[in-house]
Structure formats: structure tokens, C-alpha cells
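Here is data-v6.cif, consisting of mmCIF, C-alpha atoms:
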```cif
data_final
loop_
_atom_site.label_atom_id
_atom_site.label_comp_id
_atom_site.auth_asym_id
_atom_site.auth_seq_id
_atom_site.Cartn_x
_atom_site.Cartn_y
_atom_site.Cartn_z
CA MET N 1 23.48 5.95 -5.66
CA THR N 2 23.85 5.38 -1.91
CA TYR N 3 26.54 3.24 -0.32
CA ARG N 4 23.92 0.58 0.58
CA GLN N 5 22.74 0.51 -3.04
CA ILE N 6 26.29 0.13 -4.37
CA ALA N 7 26.94 -2.66 -1.87
CA ALA N 8 23.66 -4.34 -2.85
CA VAL N 9 24.52 -4.20 -6.56
CA ALA N 10 27.92 -5.75 -5.85
CA CYS N 11 26.41 -8.47 -3.63
CA VAL N 12 23.70 -9.46 -6.08
CA SER N 13 25.78 -9.08 -9.26
CA LEU N 14 28.79 -10.94 -7.94
CA GLY N 15 26.83 -13.50 -5.94
CA LEU N 16 28.66 -12.57 -2.75
CA GLY N 17 27.50 -13.82 0.65
CA CYS N 18 26.35 -10.44 1.87
CA THR N 19 24.19 -11.80 4.63
CA SER N 20 27.29 -12.33 6.74
CA ALA N 21 27.84 -8.56 6.87
CA SER N 22 24.17 -7.67 7.25
CA PRO N 23 21.63 -9.51 9.38
CA SER N 24 18.92 -11.30 7.41
CA PHE N 25 15.15 -10.85 7.66
CA ASP N 26 14.48 -13.95 5.52
CA ARG N 27 12.94 -15.88 8.44
CA LEU N 28 10.85 -12.93 9.68
CA ILE N 29 9.47 -11.82 6.31
CA SER N 30 8.22 -14.89 4.52
CA PHE N 31 5.10 -15.99 2.72
CA VAL N 32 2.76 -18.96 2.67
CA ASP N 33 2.03 -17.99 -0.92
CA PRO N 34 4.04 -15.13 -2.49
CA LYS N 35 1.79 -15.05 -5.57
CA SER N 36 -1.17 -14.00 -3.41
CA CYS N 37 1.02 -12.01 -0.94
CA GLU N 38 -0.17 -14.26 1.90
CA PRO N 39 2.31 -13.71 4.73
CA ASP N 40 3.31 -16.60 6.96
CA LYS N 41 2.30 -16.63 10.62
CA THR N 42 5.26 -14.61 11.96
CA PHE N 43 5.19 -11.93 9.25
CA ASP N 44 1.39 -11.66 9.56
CA ALA N 45 1.72 -11.15 13.33
CA LEU N 46 4.25 -8.36 12.71
CA LEU N 47 2.04 -6.62 10.13
CA ASN N 48 -1.05 -6.85 12.33
CA SER N 49 0.81 -5.59 15.38
CA LEU N 50 1.78 -2.18 13.97
CA VAL N 51 -1.53 -0.29 13.97
CA SER N 52 -4.61 -0.19 16.15
CA PHE N 53 -7.71 1.91 15.66
CA GLU N 54 -9.00 4.10 18.45
CA PRO N 55 -12.62 5.30 18.46
CA SER N 56 -12.87 8.96 17.40
CA GLY N 57 -16.45 10.20 17.20
CA VAL N 58 -18.20 8.30 14.41
CA SER N 59 -14.96 6.92 12.95
CA TYR N 60 -11.60 5.58 14.10
CA THR N 61 -8.10 7.01 14.30
CA PRO N 62 -5.04 4.87 13.53
CA ALA N 63 -2.49 4.61 16.34
CA LEU N 64 0.88 2.87 16.56
CA LYS N 65 1.15 -0.25 18.67
CA THR N 66 4.27 -1.95 19.94
CA PRO N 67 5.17 -4.32 17.10
CA GLN N 68 5.46 -8.06 17.77
CA ILE N 69 9.10 -8.71 17.01
CA PRO N 70 10.76 -12.05 17.71
CA PRO N 71 13.69 -11.48 20.12
CA GLU N 72 16.37 -12.45 17.58
CA PHE N 73 15.37 -9.45 15.41
CA SER N 74 15.04 -6.79 18.11
CA GLY N 75 18.42 -5.14 17.49
CA MET N 76 17.72 -4.91 13.74
CA ILE N 77 14.55 -2.83 13.96
CA GLY N 78 14.16 0.90 14.45
CA THR N 79 11.40 2.98 15.99
CA PRO N 80 8.10 2.78 14.09
CA HIS N 81 6.36 5.93 12.92
CA LEU N 82 2.88 6.72 11.68
CA LYS N 83 1.87 9.20 8.99
CA THR N 84 -1.76 10.04 8.28
CA ASN N 85 -3.40 12.02 5.50
CA GLY N 86 -7.16 12.23 5.84
CA ASN N 87 -8.36 8.65 6.21
CA GLU N 88 -5.14 7.20 4.73
CA TYR N 89 -2.38 5.95 7.02
CA ARG N 90 1.12 4.55 6.72
CA ALA N 91 2.84 2.83 9.64
CA THR N 92 6.52 2.35 8.84
CA LEU N 93 8.92 0.10 10.71
CA PRO N 94 12.59 0.81 9.85
CA LEU N 95 14.70 -2.31 9.33
CA HIS N 96 18.47 -2.72 9.29
CA GLY N 97 19.49 -5.79 7.33
CA VAL N 98 18.82 -7.71 4.14
CA TRP N 99 16.00 -9.79 2.69
CA HIS N 100 17.18 -12.40 0.20
CA ASN N 101 20.40 -10.36 -0.25
CA LEU N 102 18.55 -7.09 -0.95
CA PRO N 103 19.21 -4.28 1.54
CA LEU N 104 15.88 -3.81 3.31
CA ARG N 105 15.01 -0.30 4.50
CA SER N 106 11.55 -0.81 6.01
CA VAL N 107 8.21 -2.54 6.04
CA ALA N 108 5.11 -0.35 5.95
CA VAL N 109 1.47 -1.13 6.60
CA VAL N 110 -0.58 1.11 4.32
CA GLY N 111 -4.33 1.49 4.34
CA TRP N 112 -7.47 3.47 4.75
CA VAL N 113 -9.41 3.85 8.00
CA GLU N 114 -12.33 1.42 8.14
CA SER N 115 -11.14 -0.31 4.98
CA GLU N 116 -8.51 -2.75 3.79
CA GLN N 117 -4.79 -2.45 4.38
CA GLY N 118 -1.79 -3.73 2.51
CA PHE N 119 1.94 -3.56 2.93
CA GLU N 120 5.17 -2.50 1.25
CA LEU N 121 8.71 -3.75 1.62
CA LEU N 122 11.08 -0.88 0.81
CA PHE N 123 14.60 -1.64 -0.40
CA ASP N 124 17.82 0.24 -1.05
CA ALA N 125 18.10 -1.50 -4.41
CA ASP N 126 16.96 -0.71 -7.92
CA ARG N 127 13.61 -1.84 -9.31
CA ALA N 128 15.11 -4.46 -11.65
CA GLN N 129 16.92 -6.20 -8.77
CA VAL N 130 13.82 -6.18 -6.56
CA LEU N 131 11.61 -7.48 -9.39
CA ALA N 132 14.06 -10.28 -10.19
CA THR N 133 14.24 -11.33 -6.53
CA ALA N 134 10.45 -11.17 -6.12
CA ASN N 135 9.97 -13.41 -9.14
CA ARG N 136 12.70 -15.82 -8.01
CA LEU N 137 10.74 -16.16 -4.75
CA GLY N 138 7.46 -16.93 -6.52
CA PHE N 139 5.59 -13.61 -6.80
CA GLY N 140 5.06 -14.28 -10.52
CA LEU N 141 5.07 -10.66 -11.69
CA PRO N 142 5.07 -9.73 -15.39
CA PRO N 143 7.94 -7.71 -16.94
CA SER N 144 5.91 -4.51 -16.36
CA GLY N 145 6.39 -5.17 -12.65
CA SER N 146 2.76 -5.00 -11.55
CA GLU N 147 -0.64 -6.53 -12.03
CA TYR N 148 -4.12 -6.77 -10.60
CA ARG N 149 -5.12 -10.26 -9.54
CA GLU N 150 -8.74 -11.27 -9.09
CA GLY N 151 -9.66 -12.81 -5.75
CA ALA N 152 -12.62 -14.66 -4.25
CA VAL N 153 -13.83 -11.56 -2.38
CA MET N 154 -11.64 -8.73 -3.63
CA GLY N 155 -8.67 -8.38 -5.89
CA LEU N 156 -5.05 -7.64 -5.17
CA ASN N 157 -2.73 -5.03 -6.64
CA ILE N 158 0.75 -6.50 -6.47
CA GLY N 159 4.00 -5.26 -7.88
CA VAL N 160 7.38 -3.62 -7.65
CA SER N 161 7.68 0.14 -8.03
CA GLU N 162 10.39 2.75 -7.85
CA HIS N 163 10.32 4.46 -4.49
CA GLY N 164 12.61 7.46 -4.08
CA ASP N 165 16.17 6.19 -4.42
CA GLY N 166 15.09 2.54 -4.03
CA ALA N 167 12.25 0.22 -4.92
CA ALA N 168 9.32 -1.40 -3.12
CA ILE N 169 7.35 -4.61 -3.32
CA TYR N 170 3.71 -3.74 -2.66
CA CYS N 171 0.63 -5.85 -1.98
CA MET N 172 -2.60 -3.83 -1.77
CA PRO N 173 -6.08 -5.31 -1.72
CA GLY N 174 -8.79 -3.57 -3.65
#
```

Kindly transcribe the structure held in the file into C-alpha cells.
Amino acid sequence: MTYRQIAAVACVSLGLGCTSASPSFDRLISFVDPKSCEPDKTFDALLNSLVSFEPSGVSYTPALKTPQIPPEFSGMIGTPHLKTNGNEYRATLPLHGVWHNLPLRSVAVVGWVESEQGFELLFDADRAQVLATANRLGFGLPPSGSEYREGAVMGLNIGVSEHGDGAAIYCMPG
């Protein structure tokens, strides 16, 4: 277990005010409707500002853009990076702070060229803590931690999964 994970367990378990030691992303990463993963205006602008698509023959190639970050968060965000694998891409923006008292490692926009994209919030916390926080905030996930939700046009895969030595909240259309 990493130092950040141990600190997170202590903060959540003991109800300590950990946000005073770590800057909070609560105002940057928020939702109009957590149950449908609908980000609010500021979070949506951040997600949509990470990747652009450059023409490449008959298709497009994902490219990093300069993310739209409100000035008060600029010192809390690292350098974004892009990883591609065939037509899949993952644009990751490192974050240094907490989200609802969970140590937040990054936000990633994940998708497929010429298709839908979703996002992940990656934490230095265990899956049970992340699931409990997600449900406290209104994501409405079952004990299994994930589910497929029908939508008007397409469905949504939403959940919390283990991710290396942490856990992630994911929202993926499809």
C-alpha cells in the first residue's frame, strides 16, 4: 500500500479533514447527474479540451490539446499524455489533490477514433472506498460495483473497478 493510500484510509476511516493538507478537486469535477455520469459545465469543458482529432488519410488521429483548466487549479495538474493502440486512445491528465476526500491520481478521457468516448477518475484508494464515495454522491451503483444503464440513444457502462494499486470510477457509453 502506498503512502497516499494509507493516508486516504486514515482520512476516510477516521473522518479527518484531509482536504486541508491536499487541495480539493470537488468544484472542478462535479456532475449535473452522477447517476447518468453527466458532468457539469466546468468538468465537461475539461474533458472535451483534452483531445482533438487531426485528419489522417481516410480517418482521424487523436492529438492532445491544451486542457481548459480554471486558474485556481493550475498548480494541481500535471502534464497530460496520450496513449494510442490502434483506434483506441487514452488521454490522461495527472492530478495532485483529493476528490471528496479520496486521493485523486488522474482523469482520463478514453475512447475510440470516430466513435464515443468516456472517462475515468483514477484514485489512490481501494475499490470499496471509491464505491462507497461514488454511491454517497449519487452514482447509485449496485454492490457488484458496475452496471449497464439503458439510454435514449445508447447505453452507459458505469462502475468502479480495481486499477493497479488503486481504483477507478468509469463512465463509458456503448

For region 39-47 of chain N, what centre and edge lengths in Å (one decimal) does the axis-aligned box get once 5 Å is added on each side of all its listed atoms, as AutoDock Vina command-line options?
```
--center_x 3.3 --center_y -11.6 --center_z 9.0 --size_x 13.9 --size_y 20.0 --size_z 18.6
```

### Query
So which residues touch region 107-114 of chain N within 6 Å, counting only C-alpha atoms, skipping near sequence neighbours fewer than 6 positions away, as a ChimeraX atom specification?
/N:87-93,120-121

### Task
I need the residue set behind the PyMOL selection byres ((chain N and resi 165) around 8) for this file; please write it as an MDAnalysis selection string.
chainID N and resid 1 124:126 162:164 166:167

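With all atoms listed in the file as the atoms that count, the residue of N:Lys65, N:Ser22, N:Thr79, N:Leu131 with the shortest distance to His96 (chain N) is N:Ser22.
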
### Message
Excluding Ile29 (chain N) and its own-chain neighbours fewer than 4 positions away, which residues fall within 9 Å of it when counting only C-alpha atoms? Please give them as a PyMOL selection string.
### Response
chain N and resi 25+39-40+42-44+46+99

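Taking CA of Ser49 (chain N) and CA of Leu64 (chain N) as endpoints, the distance between them is 8.5 Å.
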
### Message
Give me, as a list of chain:residue names, all polymer residues having an atom no more than 7 Å from Pro94 (chain N), counting all atoms listed in the file and skipping those fewer than 4 positions away in the same chain.
### Response
N:Ile77, N:Gly78, N:Thr79, N:Pro80, N:Arg105, N:Ser106, N:Val107

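Residues with any atom within 6 Å of the point (-3.3, -4.7, -7.7), counting all atoms listed in the file, are N:Glu147, N:Tyr148, N:Leu156, N:Asn157, N:Ile158.
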
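We find CA of Tyr170 (chain N) and CA of Cys37 (chain N) to be spaced 8.9 Å apart.
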
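Look at everything within 12 Å of (10.7, -18.5, -1.6) using all atoms listed in the file, and the residues you get are Asp26, Arg27, Ile29, Ser30, Phe31, Val32, Asp33, Pro34, Lys35, Cys37, Pro39, Asp40, Trp99, His100, Thr133, Ala134, Asn135, Arg136, Leu137, Gly138, Phe139 and Gly140 of chain N.
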
Here's the selection I'm unsure about, the PyMOL selection byres ((chain N and resi 144) around 10); applied to the file above, which residues does it give, as a JSON list (two decimals) with C-alpha atoms, in the frame of the given file?
```json
[["chain", "number", "residue", "atom", "x", "y", "z"],
["N", 131, "LEU", "CA", 11.61, -7.48, -9.39],
["N", 141, "LEU", "CA", 5.07, -10.66, -11.69],
["N", 142, "PRO", "CA", 5.07, -9.73, -15.39],
["N", 143, "PRO", "CA", 7.94, -7.71, -16.94],
["N", 145, "GLY", "CA", 6.39, -5.17, -12.65],
["N", 146, "SER", "CA", 2.76, -5.00, -11.55],
["N", 147, "GLU", "CA", -0.64, -6.53, -12.03],
["N", 159, "GLY", "CA", 4.00, -5.26, -7.88],
["N", 160, "VAL", "CA", 7.38, -3.62, -7.65],
["N", 161, "SER", "CA", 7.68, 0.14, -8.03]]
```

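Put simply, CA of Ser115 (chain N) is 15.6 Å away from CA of Ser56 (chain N).
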
### Task
Please evaluate the PyMOL selection byres ((chain N and resi 68-72) around 7) against the displayed coordinates and give the resulting residues as a VMD selection string.
chain N and resid 45 to 46 49 66 to 67 73 to 74

Take the residues from that selection and write them out as a CSV table (one decimal), in the frame of the given file, keeping C-alpha atoms.
```csv
chain,number,residue,atom,x,y,z
N,45,ALA,CA,1.7,-11.2,13.3
N,46,LEU,CA,4.2,-8.4,12.7
N,49,SER,CA,0.8,-5.6,15.4
N,66,THR,CA,4.3,-2.0,19.9
N,67,PRO,CA,5.2,-4.3,17.1
N,73,PHE,CA,15.4,-9.4,15.4
N,74,SER,CA,15.0,-6.8,18.1
```

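In terms of minimum interatomic distance to Gly118 (chain N), N:Met172 ranks closest within N:Met76, N:Met172, N:Leu47, N:Ala63, counting all atoms listed in the file.
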
### Query
Pick the closest to Gly174 (chain N) from N:Lys41, N:Arg149, N:Lys83, N:Arg127: which is it, counting all atoms listed in the file?
N:Arg149

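Candidate residues N:Ala168, N:His81, N:Glu54, N:Val153 were compared for distance to Phe123 (chain N), and the nearest is N:Ala168, using only C-alpha atoms.
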